[in-house]
>>> print(open('protein-v1.cif').read())   # mmCIF, C-alpha atoms
data_coords
loop_
_atom_site.group_PDB
_atom_site.id
_atom_site.type_symbol
_atom_site.label_atom_id
_atom_site.label_comp_id
_atom_site.auth_asym_id
_atom_site.auth_seq_id
_atom_site.Cartn_x
_atom_site.Cartn_y
_atom_site.Cartn_z
ATOM 1 C CA MET A 748 24.080 -132.974 137.320
ATOM 2 C CA GLU A 749 22.283 -131.327 140.231
ATOM 3 C CA SER A 750 20.648 -128.776 137.916
ATOM 4 C CA TYR A 751 19.384 -131.613 135.697
ATOM 5 C CA ASN A 752 17.691 -133.241 138.682
ATOM 6 C CA LEU A 753 16.099 -129.932 139.669
ATOM 7 C CA LEU A 754 14.936 -129.230 136.117
ATOM 8 C CA CYS A 755 13.051 -132.534 135.824
ATOM 9 C CA LYS A 756 11.246 -132.275 139.145
ATOM 10 C CA ASN A 757 7.652 -131.408 139.923
ATOM 11 C CA TYR A 758 7.020 -128.630 142.432
ATOM 12 C CA THR A 759 4.291 -127.312 144.678
ATOM 13 C CA TYR A 760 4.111 -123.577 145.228
ATOM 14 C CA LYS A 761 1.273 -121.949 147.159
ATOM 15 C CA ASP A 762 -1.912 -123.424 145.634
ATOM 16 C CA LEU A 763 -0.159 -124.575 142.449
ATOM 17 C CA THR A 764 1.053 -127.933 141.226
ATOM 18 C CA ILE A 765 3.946 -127.472 138.816
ATOM 19 C CA MET A 766 4.452 -130.587 136.691
ATOM 20 C CA HIS A 767 7.449 -131.198 134.485
ATOM 21 C CA PHE A 768 6.361 -132.035 130.939
ATOM 22 C CA THR A 769 7.821 -135.548 131.276
ATOM 23 C CA ALA A 770 5.479 -136.239 134.227
ATOM 24 C CA LEU A 771 2.279 -135.295 132.405
ATOM 25 C CA ASN A 772 -0.297 -137.937 131.529
ATOM 26 C CA GLU A 773 -1.506 -138.232 127.926
ATOM 27 C CA ALA A 774 -4.534 -135.955 128.434
ATOM 28 C CA GLN A 775 -2.404 -133.259 130.070
ATOM 29 C CA LYS A 776 0.172 -133.467 127.266
ATOM 30 C CA GLU A 777 -2.603 -132.951 124.735
ATOM 31 C CA ASP A 778 -4.004 -129.996 126.695
ATOM 32 C CA VAL A 779 -0.558 -128.357 126.673
ATOM 33 C CA ARG A 780 -0.188 -129.000 122.937
ATOM 34 C CA GLN A 781 -3.618 -127.479 122.273
ATOM 35 C CA TRP A 782 -2.758 -124.403 124.365
ATOM 36 C CA ARG A 783 0.515 -123.946 122.483
ATOM 37 C CA ASN A 784 -1.283 -124.205 119.128
ATOM 38 C CA HIS A 785 -4.072 -121.775 120.090
ATOM 39 C CA SER A 786 -4.182 -118.666 117.909
ATOM 40 C CA SER A 787 -3.948 -116.316 120.921
ATOM 41 C CA ILE A 788 -0.640 -117.905 121.941
ATOM 42 C CA ILE A 789 1.042 -119.017 118.750
ATOM 43 C CA LYS A 790 0.899 -115.534 117.205
ATOM 44 C CA PHE A 791 3.516 -114.318 119.700
ATOM 45 C CA MET A 792 5.942 -117.238 119.309
ATOM 46 C CA TYR A 793 9.055 -117.384 117.154
ATOM 47 C CA GLN A 794 7.968 -120.781 115.817
ATOM 48 C CA GLN A 795 4.424 -120.267 114.595
ATOM 49 C CA ASN A 796 3.902 -123.675 113.037
ATOM 50 C CA GLN A 797 1.273 -125.935 114.559
ATOM 51 C CA THR A 798 2.861 -128.612 116.754
ATOM 52 C CA SER A 799 1.748 -132.118 115.827
ATOM 53 C CA PRO A 800 1.227 -134.795 118.492
ATOM 54 C CA GLN A 801 4.372 -136.578 117.264
ATOM 55 C CA LYS A 802 6.501 -133.436 117.344
ATOM 56 C CA HIS A 803 5.191 -132.609 120.826
ATOM 57 C CA GLU A 804 6.024 -136.100 122.118
ATOM 58 C CA THR A 805 9.520 -135.893 120.603
ATOM 59 C CA PHE A 806 10.092 -132.529 122.308
ATOM 60 C CA ILE A 807 8.958 -133.929 125.668
ATOM 61 C CA ASN A 808 11.231 -136.954 125.296
ATOM 62 C CA LEU A 809 14.216 -134.702 124.579
ATOM 63 C CA LEU A 810 13.529 -132.869 127.845
ATOM 64 C CA ARG A 811 14.351 -136.065 129.751
ATOM 65 C CA ASN A 812 18.054 -135.468 129.107
ATOM 66 C CA ALA A 813 18.154 -131.672 128.876
ATOM 67 C CA ASN A 814 20.358 -129.866 131.372
ATOM 68 C CA ASP A 815 19.865 -126.368 129.994
ATOM 69 C CA LYS A 816 16.068 -126.105 129.945
ATOM 70 C CA GLY A 817 12.960 -127.065 131.874
ATOM 71 C CA TYR A 818 9.274 -126.959 130.895
ATOM 72 C CA TRP A 819 6.375 -127.253 133.320
ATOM 73 C CA ALA A 820 2.582 -127.211 133.096
ATOM 74 C CA VAL A 821 0.967 -125.419 136.021
ATOM 75 C CA PHE A 822 -2.289 -126.523 137.620
ATOM 76 C CA GLU A 823 -4.448 -125.115 140.376
ATOM 77 C CA SER A 824 -4.019 -127.848 142.998
ATOM 78 C CA LYS A 825 -7.529 -128.047 144.440
ATOM 79 C CA ARG A 826 -9.407 -128.263 141.152
ATOM 80 C CA ASN A 827 -6.582 -129.724 139.025
ATOM 81 C CA LEU A 828 -7.327 -126.872 136.619
ATOM 82 C CA GLY A 829 -4.723 -126.235 133.921
ATOM 83 C CA LEU A 830 -3.467 -122.650 134.105
ATOM 84 C CA GLY A 831 -0.614 -122.518 131.618
ATOM 85 C CA VAL A 832 3.022 -123.277 130.899
ATOM 86 C CA ILE A 833 6.276 -121.925 132.306
ATOM 87 C CA SER A 834 9.769 -122.640 131.043
ATOM 88 C CA LEU A 835 13.410 -121.864 131.554
ATOM 89 C CA SER A 836 15.849 -122.135 128.669
ATOM 90 C CA ARG A 837 19.438 -121.217 127.951
ATOM 91 C CA ILE A 838 20.144 -121.881 131.619
ATOM 92 C CA ASN A 839 23.684 -120.858 132.498
ATOM 93 C CA LEU A 840 24.605 -121.869 136.041
ATOM 94 C CA PHE A 841 28.101 -120.343 135.845
ATOM 95 C CA HIS A 842 26.721 -116.878 135.052
ATOM 96 C CA SER A 843 23.553 -117.681 137.029
ATOM 97 C CA TYR A 844 20.834 -116.721 134.550
ATOM 98 C CA ALA A 845 18.127 -118.248 132.397
ATOM 99 C CA PHE A 846 15.613 -117.086 129.814
ATOM 100 C CA LEU A 847 11.972 -117.520 130.713
ATOM 101 C CA GLY A 848 8.915 -118.482 128.768
ATOM 102 C CA ILE A 849 5.336 -118.254 129.930
ATOM 103 C CA TYR A 850 1.893 -118.611 128.457
ATOM 104 C CA VAL A 851 -1.520 -118.683 130.033
ATOM 105 C CA ALA A 852 -4.009 -121.358 128.967
ATOM 106 C CA PRO A 853 -6.430 -119.715 126.495
ATOM 107 C CA ASN A 854 -9.455 -120.145 128.791
ATOM 108 C CA GLN A 855 -7.663 -118.608 131.787
ATOM 109 C CA HIS A 856 -6.894 -115.077 130.563
ATOM 110 C CA HIS A 857 -7.781 -112.049 132.711
ATOM 111 C CA LYS A 858 -7.961 -113.983 135.964
ATOM 112 C CA GLY A 859 -4.584 -113.102 137.495
ATOM 113 C CA VAL A 860 -3.174 -116.360 136.167
ATOM 114 C CA GLY A 861 -0.177 -114.734 134.477
ATOM 115 C CA THR A 862 0.973 -113.378 137.819
ATOM 116 C CA LYS A 863 0.608 -116.803 139.446
ATOM 117 C CA LEU A 864 2.609 -118.411 136.647
ATOM 118 C CA LEU A 865 5.362 -115.818 136.900
ATOM 119 C CA GLU A 866 5.540 -116.227 140.687
ATOM 120 C CA ALA A 867 5.885 -120.003 140.249
ATOM 121 C CA LEU A 868 8.629 -119.519 137.674
ATOM 122 C CA GLU A 869 10.469 -117.064 139.924
ATOM 123 C CA TYR A 870 10.187 -119.559 142.791
ATOM 124 C CA ILE A 871 11.931 -122.240 140.708
ATOM 125 C CA SER A 872 14.464 -119.768 139.311
ATOM 126 C CA PHE A 873 15.423 -117.844 142.421
ATOM 127 C CA SER A 874 14.606 -120.159 145.352
ATOM 128 C CA VAL A 875 15.321 -123.593 143.869
ATOM 129 C CA LEU A 876 17.989 -122.982 141.211
ATOM 130 C CA LYS A 877 19.397 -119.918 143.042
ATOM 131 C CA LEU A 878 19.744 -117.958 139.808
ATOM 132 C CA HIS A 879 20.871 -114.343 139.936
ATOM 133 C CA SER A 880 18.744 -113.144 137.021
ATOM 134 C CA LEU A 881 16.001 -113.944 134.562
ATOM 135 C CA ARG A 882 15.910 -112.689 130.996
ATOM 136 C CA LEU A 883 13.245 -112.783 128.300
ATOM 137 C CA GLU A 884 12.636 -111.894 124.697
ATOM 138 C CA VAL A 885 9.271 -110.528 123.603
ATOM 139 C CA LEU A 886 7.984 -109.357 120.231
ATOM 140 C CA GLU A 887 7.814 -105.567 120.173
ATOM 141 C CA GLU A 888 4.143 -105.641 119.150
ATOM 142 C CA ASN A 889 3.213 -107.761 122.177
ATOM 143 C CA THR A 890 2.591 -104.665 124.287
ATOM 144 C CA LYS A 891 0.299 -106.531 126.678
ATOM 145 C CA ALA A 892 3.153 -108.862 127.657
ATOM 146 C CA ILE A 893 5.666 -106.004 127.856
ATOM 147 C CA ASP A 894 3.361 -104.084 130.199
ATOM 148 C CA PHE A 895 2.820 -107.251 132.292
ATOM 149 C CA TYR A 896 6.553 -107.777 132.719
ATOM 150 C CA LYS A 897 7.118 -104.117 133.583
ATOM 151 C CA ARG A 898 4.425 -104.350 136.294
ATOM 152 C CA ASN A 899 6.363 -107.314 137.656
ATOM 153 C CA ASN A 900 9.663 -105.411 137.897
ATOM 154 C CA PHE A 901 11.308 -106.494 134.665
ATOM 155 C CA ILE A 902 13.197 -103.742 132.891
ATOM 156 C CA GLN A 903 14.006 -103.325 129.225
ATOM 157 C CA GLU A 904 17.655 -104.183 128.712
ATOM 158 C CA GLY A 905 17.938 -104.208 124.954
ATOM 159 C CA PHE A 906 16.416 -104.147 121.517
ATOM 160 C CA LEU A 907 17.043 -106.502 118.591
ATOM 161 C CA LYS A 908 16.040 -104.909 115.298
ATOM 162 C CA ASP A 909 14.621 -107.232 112.634
ATOM 163 C CA PHE A 910 15.641 -110.226 114.756
ATOM 164 C CA ALA A 911 12.873 -112.772 114.129
ATOM 165 C CA PHE A 912 11.464 -113.697 110.716
ATOM 166 C CA ILE A 913 7.768 -114.356 111.359
ATOM 167 C CA GLN A 914 5.000 -114.682 108.783
ATOM 168 C CA GLY A 915 7.132 -113.303 105.970
ATOM 169 C CA ALA A 916 8.486 -110.246 107.810
ATOM 170 C CA PHE A 917 11.316 -109.437 110.172
ATOM 171 C CA ARG A 918 10.145 -108.453 113.664
ATOM 172 C CA ASN A 919 11.806 -106.471 116.431
ATOM 173 C CA ILE A 920 12.475 -108.078 119.797
ATOM 174 C CA ILE A 921 12.578 -106.395 123.201
ATOM 175 C CA LEU A 922 15.011 -107.871 125.725
ATOM 176 C CA MET A 923 13.952 -107.605 129.363
ATOM 177 C CA GLY A 924 15.423 -108.794 132.622
ATOM 178 C CA LYS A 925 15.029 -109.009 136.366
ATOM 179 C CA ILE A 926 17.699 -109.411 139.044
ATOM 180 C CA ASN A 927 17.093 -111.574 142.109
ATOM 181 C CA GLU A 928 17.445 -108.981 144.870
ATOM 182 C CA LYS A 929 17.094 -111.508 147.722
#
>>> encode(input="protein-v1.cif", output="structure tokens")
Amino acid sequence: MESYNLLCKNYTYKDLTIMHFTALNEAQKEDVRQWRNHSSIIKFMYQQNQTSPQKHETFINLLRNANDKGYWAVFESKRNLGLGVISLSRINLFHSYAFLGIYVAPNQHHKGVGTKLLEALEYISFSVLKLHSLRLEVLEENTKAIDFYKRNNFIQEGFLKDFAFIQGAFRNIILMGKINEK
């Protein structure tokens, strides 16, 4: 039950406000939905269908009772500027790991925002939840993301051949991970 309470909380980290999806106002929810549906983001997701307002609201409502995942929108505190989304899924407290998700708002690319988002996610993962490790899956062709994670001390831990069926073709997935050394 403690993890559930921590997963539904809002956080402040450095100059960032990290808001759980269930705490977002209607305009913020719509911003997040628009980011998720943007062509620069959706092309690297397993589920590449556009998310309708109803489907988005249903997803957010399901998060209210989820104890194995958390989704947050991240804002620059001073300007209340939306930076992107961070998430933890498949959280396993016994084995002390989770899988991460991250995407930068389309109008915030190339501004160091990805690093800020990852730092916020690592704060929640390692300092709040006290996880031992973070894992992620990334499409093999998403070399920009792979390079980003490598620069941030994630290592390739595996390879899933023809794992995801996207736009009529099977795609390879790279598995990466990072251990909390603190």
>>> closest_atom_pairs(input="protein-v1.cif", of="region 879-903 of chain A", to="region 825-849 of chain A", cutoff="12 Å", atoms="all atoms listed in the file", output="CSV")
residue,atom,partner,partner_atom,distance
A:His879,CA,A:Ser843,CA,5.2
A:Ser880,CA,A:Tyr844,CA,4.8
A:Leu881,CA,A:Ala845,CA,5.3
A:Arg882,CA,A:Phe846,CA,4.6
A:Leu883,CA,A:Phe846,CA,5.1
A:Glu884,CA,A:Phe846,CA,7.9
A:Val885,CA,A:Gly848,CA,9.5
A:Ala892,CA,A:Ile849,CA,9.9
A:Phe895,CA,A:Ile849,CA,11.5
A:Tyr896,CA,A:Ile849,CA,10.9
A:Phe901,CA,A:Leu847,CA,11.7
>>> residues_around(input="protein-v1.cif", residues="Asn757 (chain A)", least_positions_apart="4", cutoff="8 Å", atoms="all atoms listed in the file", output="PyMOL selection string")
chain A and resi 764-767+770+819
>>> atom_distance(input="protein-v1.cif", atom1="CA of Glu777 (chain A)", atom2="CA of Phe873 (chain A)")
29.4 Å
>>> closest_residue(input="protein-v1.cif", among="A:Asn889, A:Asn772, A:Asn854, A:Gln794", to="Phe912 (chain A)", atoms="only C-alpha atoms")
A:Gln794
>>> atom_distance(input="protein-v1.cif", atom1="CA of His803 (chain A)", atom2="CA of Ala867 (chain A)")
23.2 Å
>>> resolve_selection(input="protein-v1.cif", expression="the PyMOL selection byres ((chain A and resi 762) around 9)", output="list in words")
Thr759, Tyr760, Lys761, Leu763, Thr764, Phe822, Glu823, Ser824 and Lys825 of chain A
>>> decode(input="protein-v1.cif", residues="region 795-830 of chain A", atoms="C-alpha atoms", output="PDB file, in the first residue's frame")
ATOM      1  CA  GLN A 795       0.945   3.954 -32.368  1.00  0.00           C
ATOM      2  CA  ASN A 796      -2.773   4.649 -32.465  1.00  0.00           C
ATOM      3  CA  GLN A 797      -3.936   8.172 -31.709  1.00  0.00           C
ATOM      4  CA  THR A 798      -5.289   8.445 -28.159  1.00  0.00           C
ATOM      5  CA  SER A 799      -8.770   9.946 -28.028  1.00  0.00           C
ATOM      6  CA  PRO A 800      -9.824  12.243 -25.173  1.00  0.00           C
ATOM      7  CA  GLN A 801     -12.084   9.474 -23.829  1.00  0.00           C
ATOM      8  CA  LYS A 802      -9.363   6.831 -23.958  1.00  0.00           C
ATOM      9  CA  HIS A 803      -6.926   9.226 -22.269  1.00  0.00           C
ATOM     10  CA  GLU A 804      -9.398   9.983 -19.465  1.00  0.00           C
ATOM     11  CA  THR A 805     -10.063   6.260 -18.962  1.00  0.00           C
ATOM     12  CA  PHE A 806      -6.315   5.596 -18.709  1.00  0.00           C
ATOM     13  CA  ILE A 807      -5.896   8.378 -16.138  1.00  0.00           C
ATOM     14  CA  ASN A 808      -8.806   7.059 -14.076  1.00  0.00           C
ATOM     15  CA  LEU A 809      -7.276   3.573 -14.033  1.00  0.00           C
ATOM     16  CA  LEU A 810      -4.081   5.069 -12.600  1.00  0.00           C
ATOM     17  CA  ARG A 811      -6.000   6.018  -9.449  1.00  0.00           C
ATOM     18  CA  ASN A 812      -5.912   2.382  -8.328  1.00  0.00           C
ATOM     19  CA  ALA A 813      -2.696   1.187  -9.971  1.00  0.00           C
ATOM     20  CA  ASN A 814       0.008  -0.137  -7.673  1.00  0.00           C
ATOM     21  CA  ASP A 815       2.433  -1.228 -10.375  1.00  0.00           C
ATOM     22  CA  LYS A 816       2.771   1.966 -12.419  1.00  0.00           C
ATOM     23  CA  GLY A 817       2.959   5.729 -12.110  1.00  0.00           C
ATOM     24  CA  TYR A 818       2.711   8.474 -14.749  1.00  0.00           C
ATOM     25  CA  TRP A 819       3.713  12.091 -14.220  1.00  0.00           C
ATOM     26  CA  ALA A 820       3.774  15.265 -16.308  1.00  0.00           C
ATOM     27  CA  VAL A 821       6.802  17.429 -15.585  1.00  0.00           C
ATOM     28  CA  PHE A 822       6.711  21.220 -15.547  1.00  0.00           C
ATOM     29  CA  GLU A 823       9.340  23.885 -15.073  1.00  0.00           C
ATOM     30  CA  SER A 824       8.183  25.356 -11.753  1.00  0.00           C
ATOM     31  CA  LYS A 825       8.820  29.060 -12.323  1.00  0.00           C
ATOM     32  CA  ARG A 826       7.121  29.343 -15.703  1.00  0.00           C
ATOM     33  CA  ASN A 827       4.723  26.383 -15.338  1.00  0.00           C
ATOM     34  CA  LEU A 828       6.099  25.244 -18.698  1.00  0.00           C
ATOM     35  CA  GLY A 829       5.277  21.675 -19.722  1.00  0.00           C
ATOM     36  CA  LEU A 830       8.467  19.713 -20.383  1.00  0.00           C
TER      37      LEU A 830
END
